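J.: Before anything else, here's the structure in question.
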Amino acid sequence: MRRILVGVKRVIDYNVRVRVRPDGSGVVTDGVKMSANPFDSIALEEALRLRERGEADEIVAVSVGPAESQQQLRDALAMGADRAILVKADGSIEPPAVARVLLELVKRESPRLVILGKQAIDDDCNQTGQMLAAFWNRPQATFASKIEIQGEVARVTREVDAGLEMIEVDLPAVCTTDLRLNEPRYIKLPDIMKAKKKPLDIVELASLGVDAAPVLKVLKHEPPPQRQKGIMLKDAAELVAALKQKGLA
Amino acid sequence: MNRVLIVAEHLDGKLNAAVAKCVSCAASIPDAEISIAVLAKDGTEVSAAAAAIHGVKRVLLVKNPANEPALAAVLAPQIARLAEGHGFVLGPSTTYGKDLMPRVAALLGAPQVSDVMAVESATRFRRPVYAGNAIATVEAPAGRQIVATVRVASWPAAPQGGAAPVESPALDVPLPASTRFVSVSAARSDRPDLQTAARVVSGGRALGSAENFRLIQGLADRLGAAIGASRAAVDAGYAPNEMQVGQTGKIISPELYVAIGISGAIQHLTGIKDARTIVAINKDAEAPIFEVADYGLVGDLFTLVPEIEKLL
């Protein structure tokens, strides 16, 4: 069975304007729309396309998080994943612990490819995929904008500071997705109904034997310093004069 | 004493400018003793450049043909070995560092603090979360090794003037062959590097096409600026990915940032907040970019940009 494991993290929706709680204990989540991390939706879409191209037989969507993450896994099943696993973890769980949990699932599922988002848009850590690859002692291809599988090798184009880099990795491997990899499909209503019948296993974190206690303590959250609103100018000449005065032109 | 190891990013024999910024970050850790690790095929020039940064105690040069082009899976085990005895291992928050450092952290069994923007003590750091909508203060346990990436835009470059010795430690680390470099397609240009440029001119979706996007080149030429782009412009194919500025692209801190036809989504604004002066040109007077701009100009960019260029 050529299996792909895809990570799905429940995060505050991309379009929500995130606000810090007045007491600094975190950000406001009450009544806030939650969604799958957008990079994870790209990861799932890529897995679906690989299956459509005959490069995979089964796609397993995995989430490590609170019970409510079942909603995002149901969405993943509706998008086309074959089954889902929720590793139930309450409270903060850091990237190294998530990577350890994923490693346990990798041992059980023996995927040929694990595709994760390059970062979650809540903590913006950008760590989990690389850490999983290290713990697993397998190659990593991060920030992917193209994935091609040829036999037991994946050729991955990566978005790097210099431009586009292509690397070749032996499978199994870990890929993390960048924005331009694909555009995730929309979920269709009948698929939501069908997804209800697909298997979603719930695993207790403790049963995996992973120490998931946070190592870093978040002491407080603060709103970022605000920039002062500047002045509106009436034409190009005023702008150029202002820049020259500041020594910027 | 807090021993800090900085991983030197380099390309084509040139030390990345982000490394001197990492040195500033490292120097703000109390009682820091700073070493820089250069993993290269040859590395003579790169290690000389690293040794010349003020505040650097020593440079550790590891020569190996396998080290270029840089592959995280190959570099990480070597860095993990070099990191022995160092309380801190730092790398820049560039795609190079973002790819490499978590792999190093995992090999070391250390936590990673991503995108450090301020050091409050040897265990306490500030970093942006939620696309910069919140700043988190994070405390690491004392006495435990910490890996961190340095938010380049938050730190000044450490000055020149150092004369650190270059050592060549022998490393006997098995390196994997399961990851192989194939190619890189990079647009070579004479423009300053976007990440560290003093001036940046960026274009957005309002430019309308890849052809129109070239309109901003003239202005960038006049200002001696690097060129950036919004995510929308990159997604639409007007500009290549390496030009993207924002939460998931480059976070920059130029003296001057000129946003042309960019509405200013929060994900974009997080990438430019540290710019000294922001200029926005947009036909929509309600665009959020004007909330952060020092100078705003409402109007048709296709008229305004050539006018500005002529006046400069």
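For the structure tokens, the naming scheme is as follows: chains receive sequential letters (A, B, ...) according to their order of presentation, residues are indexed from 1 within each chain, and ligands are indexed from 1 in presentation order.
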Using only C-alpha atoms, which residues sit within 7 Å of Ala40 of chain B once same-chain residues fewer than 3 positions away are excluded, as a list in words?

T.: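 Selected residues are Gly43, Val62, Lys63, Asn64, Asn67 and Glu68 of chain B.
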
J.: So that I have them on file, write out the residues from the current selection with N, CA and C atoms, as a compact mmCIF listing (two decimals), in the first residue's frame.

T.:
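Okay, part.txt is ready:
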# COMPACT_ATOMS: atom_id res chain seq x y z
N GLY B 43 35.42 27.52 1.37
CA GLY B 43 35.09 28.33 2.54
C GLY B 43 36.13 29.34 2.97
N VAL B 62 34.48 23.95 8.38
CA VAL B 62 34.42 22.53 8.03
C VAL B 62 34.37 22.43 6.51
N LYS B 63 35.47 21.97 5.93
CA LYS B 63 35.55 21.85 4.48
C LYS B 63 35.12 20.45 4.06
N ASN B 64 34.19 20.42 3.12
CA ASN B 64 33.76 19.13 2.59
C ASN B 64 32.99 19.40 1.30
N ASN B 67 29.28 19.75 1.27
CA ASN B 67 28.58 20.87 1.91
C ASN B 67 28.06 21.93 0.94
N GLU B 68 28.40 21.79 -0.33
CA GLU B 68 27.85 22.72 -1.33
C GLU B 68 27.36 21.94 -2.52

J.: Pick out the chain A residues within 6 Å of chain B. Count only C-alpha atoms. Give them as a count of residues only.

T.: 37

J.: Write out as JSON, numbers by chain all residues of segment 31-204 of chain A that backbone DSSP assigns to strand (DSSP E or B).

T.: {"A": [34, 35, 36, 58, 59, 60, 61, 62, 63, 64, 65, 83, 84, 85, 86, 87, 88, 113, 114, 115, 116, 117, 140, 141, 142, 143, 144, 145, 146, 147, 148, 149, 150, 153, 154, 155, 156, 157, 158, 159, 160, 163, 164, 165, 166, 167, 168, 169, 170, 173, 174, 175, 176, 177, 200, 201, 202, 203, 204]}

J.: Based on the selection just made, write C-alpha atoms of those residues as a PDB file, in the first residue's frame.

T.:
ATOM      1  CA  MET A  34     -11.478  27.972  13.122  1.00  0.00           C
ATOM      2  CA  SER A  35     -10.195  26.252   9.988  1.00  0.00           C
ATOM      3  CA  ALA A  36      -7.517  23.911   8.765  1.00  0.00           C
ATOM      4  CA  GLU A  58      -4.341   5.773   0.362  1.00  0.00           C
ATOM      5  CA  ILE A  59      -4.320   9.165   2.029  1.00  0.00           C
ATOM      6  CA  VAL A  60      -4.439   9.426   5.798  1.00  0.00           C
ATOM      7  CA  ALA A  61      -5.145  12.823   7.342  1.00  0.00           C
ATOM      8  CA  VAL A  62      -3.669  13.271  10.811  1.00  0.00           C
ATOM      9  CA  SER A  63      -4.228  15.936  13.422  1.00  0.00           C
ATOM     10  CA  VAL A  64      -2.622  16.404  16.817  1.00  0.00           C
ATOM     11  CA  GLY A  65      -4.803  18.674  18.896  1.00  0.00           C
ATOM     12  CA  ARG A  83      -9.315   8.052   6.582  1.00  0.00           C
ATOM     13  CA  ALA A  84      -8.284  10.223   9.466  1.00  0.00           C
ATOM     14  CA  ILE A  85      -6.550   9.942  12.820  1.00  0.00           C
ATOM     15  CA  LEU A  86      -6.899  12.428  15.640  1.00  0.00           C
ATOM     16  CA  VAL A  87      -4.282  12.266  18.342  1.00  0.00           C
ATOM     17  CA  LYS A  88      -6.092  14.022  21.124  1.00  0.00           C
ATOM     18  CA  LEU A 113       5.502  10.288   1.805  1.00  0.00           C
ATOM     19  CA  VAL A 114       4.483  12.628   4.610  1.00  0.00           C
ATOM     20  CA  ILE A 115       3.232  16.028   3.456  1.00  0.00           C
ATOM     21  CA  LEU A 116       2.876  18.823   6.004  1.00  0.00           C
ATOM     22  CA  GLY A 117       2.326  22.562   5.756  1.00  0.00           C
ATOM     23  CA  GLN A 140      13.210  16.517   3.894  1.00  0.00           C
ATOM     24  CA  ALA A 141      12.026  18.718   1.036  1.00  0.00           C
ATOM     25  CA  THR A 142      10.666  21.891   2.545  1.00  0.00           C
ATOM     26  CA  PHE A 143       8.768  24.811   0.964  1.00  0.00           C
ATOM     27  CA  ALA A 144       7.721  22.731  -2.033  1.00  0.00           C
ATOM     28  CA  SER A 145       6.187  24.365  -5.080  1.00  0.00           C
ATOM     29  CA  LYS A 146       6.265  21.206  -7.214  1.00  0.00           C
ATOM     30  CA  ILE A 147       6.423  17.511  -6.332  1.00  0.00           C
ATOM     31  CA  GLU A 148       7.063  14.802  -8.912  1.00  0.00           C
ATOM     32  CA  ILE A 149       7.417  11.155  -7.981  1.00  0.00           C
ATOM     33  CA  GLN A 150       9.526   8.909 -10.201  1.00  0.00           C
ATOM     34  CA  VAL A 153      12.483   9.094  -5.744  1.00  0.00           C
ATOM     35  CA  ALA A 154      10.708  12.441  -5.451  1.00  0.00           C
ATOM     36  CA  ARG A 155      11.893  15.493  -7.351  1.00  0.00           C
ATOM     37  CA  VAL A 156      10.842  18.551  -5.448  1.00  0.00           C
ATOM     38  CA  THR A 157      11.061  22.180  -6.503  1.00  0.00           C
ATOM     39  CA  ARG A 158      11.522  24.417  -3.472  1.00  0.00           C
ATOM     40  CA  GLU A 159      10.810  28.102  -3.007  1.00  0.00           C
ATOM     41  CA  VAL A 160      14.040  29.485  -1.561  1.00  0.00           C
ATOM     42  CA  GLY A 163      14.657  31.491  -6.449  1.00  0.00           C
ATOM     43  CA  LEU A 164      13.573  27.940  -7.191  1.00  0.00           C
ATOM     44  CA  GLU A 165      15.748  25.030  -6.142  1.00  0.00           C
ATOM     45  CA  MET A 166      15.212  21.466  -7.260  1.00  0.00           C
ATOM     46  CA  ILE A 167      16.312  18.561  -5.095  1.00  0.00           C
ATOM     47  CA  GLU A 168      15.891  14.840  -5.351  1.00  0.00           C
ATOM     48  CA  VAL A 169      15.012  12.777  -2.297  1.00  0.00           C
ATOM     49  CA  ASP A 170      14.776   9.041  -1.813  1.00  0.00           C
ATOM     50  CA  ALA A 173      10.555  11.427   2.845  1.00  0.00           C
ATOM     51  CA  VAL A 174       8.905  14.456   4.389  1.00  0.00           C
ATOM     52  CA  CYS A 175       7.682  17.329   2.206  1.00  0.00           C
ATOM     53  CA  THR A 176       6.414  20.661   3.453  1.00  0.00           C
ATOM     54  CA  THR A 177       4.251  22.832   1.248  1.00  0.00           C
ATOM     55  CA  LEU A 200     -11.862   8.741  11.896  1.00  0.00           C
ATOM     56  CA  ASP A 201      -9.852   7.097  14.678  1.00  0.00           C
ATOM     57  CA  ILE A 202      -9.235   8.893  17.909  1.00  0.00           C
ATOM     58  CA  VAL A 203      -6.009   8.052  19.681  1.00  0.00           C
ATOM     59  CA  GLU A 204      -5.150   9.260  23.168  1.00  0.00           C
TER      60      GLU A 204
END

J.: In Å, how far is it from atom CA of Pro30 of chain B to atom CA of Leu108 of chain B?

T.: 22.4 Å

J.: Compile the contact shell of Lys107 of chain A as a VMD selection string: residues with an atom at most 12 Å away, counting only C-alpha atoms, same-chain residues fewer than 5 positions apart removed.

T.: chain A and resid 5 100 to 102 112 114 132 135 to 136 172 208

J.: Write out, as a short mmCIF file (atom, residue, chain, number, x, y, z; two decimals), in the first residue's frame, the residues just selected, with C-alpha atoms.

T.:
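Wrote out18.cif, looks like this:
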data_model
loop_
_atom_site.label_atom_id
_atom_site.label_comp_id
_atom_site.auth_asym_id
_atom_site.auth_seq_id
_atom_site.Cartn_x
_atom_site.Cartn_y
_atom_site.Cartn_z
CA LEU A 5 0.26 10.89 5.53
CA ARG A 100 7.42 12.74 17.88
CA VAL A 101 3.72 11.91 17.68
CA LEU A 102 3.86 11.89 13.89
CA ARG A 112 6.01 6.55 1.42
CA VAL A 114 4.48 12.63 4.61
CA LEU A 132 9.95 14.72 11.86
CA PHE A 135 13.70 11.94 14.08
CA TRP A 136 12.78 9.56 11.26
CA PRO A 172 10.11 7.74 2.12
CA LEU A 208 1.69 6.74 22.12
#

J.: Hey, which of A:Ala241, A:Ala97, A:Leu181, A:Ala120 ends up closest to Gly209 of chain A? Count only C-alpha atoms.

T.: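 For Gly209 of chain A, the nearest of the given residues is A:Ala97.
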
J.: Taking the backbone alone, and naming residues the way the document does, which bits of segment 64-214 of chain A are helix (DSSP H, G or I) by DSSP, as an NGL selection string?

T.: :A and (67-79 or 95-109 or 128-136 or 179-181 or 189-195 or 205-208)

J.: May I ask for the distance between atom CA of Pro190 of chain A and atom CA of Arg49 of chain A, given in Å to one decimal place?

T.: 19.8 Å

J.: Would you mind reading off the distance between atom CA of Val201 of chain B and atom CA of Ala118 of chain B, one decimal, in Å?

T.: 27.1 Å

J.: When distances are computed from only C-alpha atoms, which of A:Gly31, A:Met79, A:Val98, A:Asp23 shows the smallest separation from Gly7 of chain A?

T.: A:Val98

J.: Rank nothing, just name the residue among A:Leu103, A:Val8, A:Leu205, A:Leu44 nearest to Gln71 of chain A, using only C-alpha atoms.

T.: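 With only C-alpha atoms as the atom set, the closest residue is A:Val8.
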
J.: Which residues, written as a count of residues only, have at least one atom at most 12 Å from Val4 of chain B, with only C-alpha atoms counted and residues fewer than 2 positions away on the same chain left out?

T.: 40
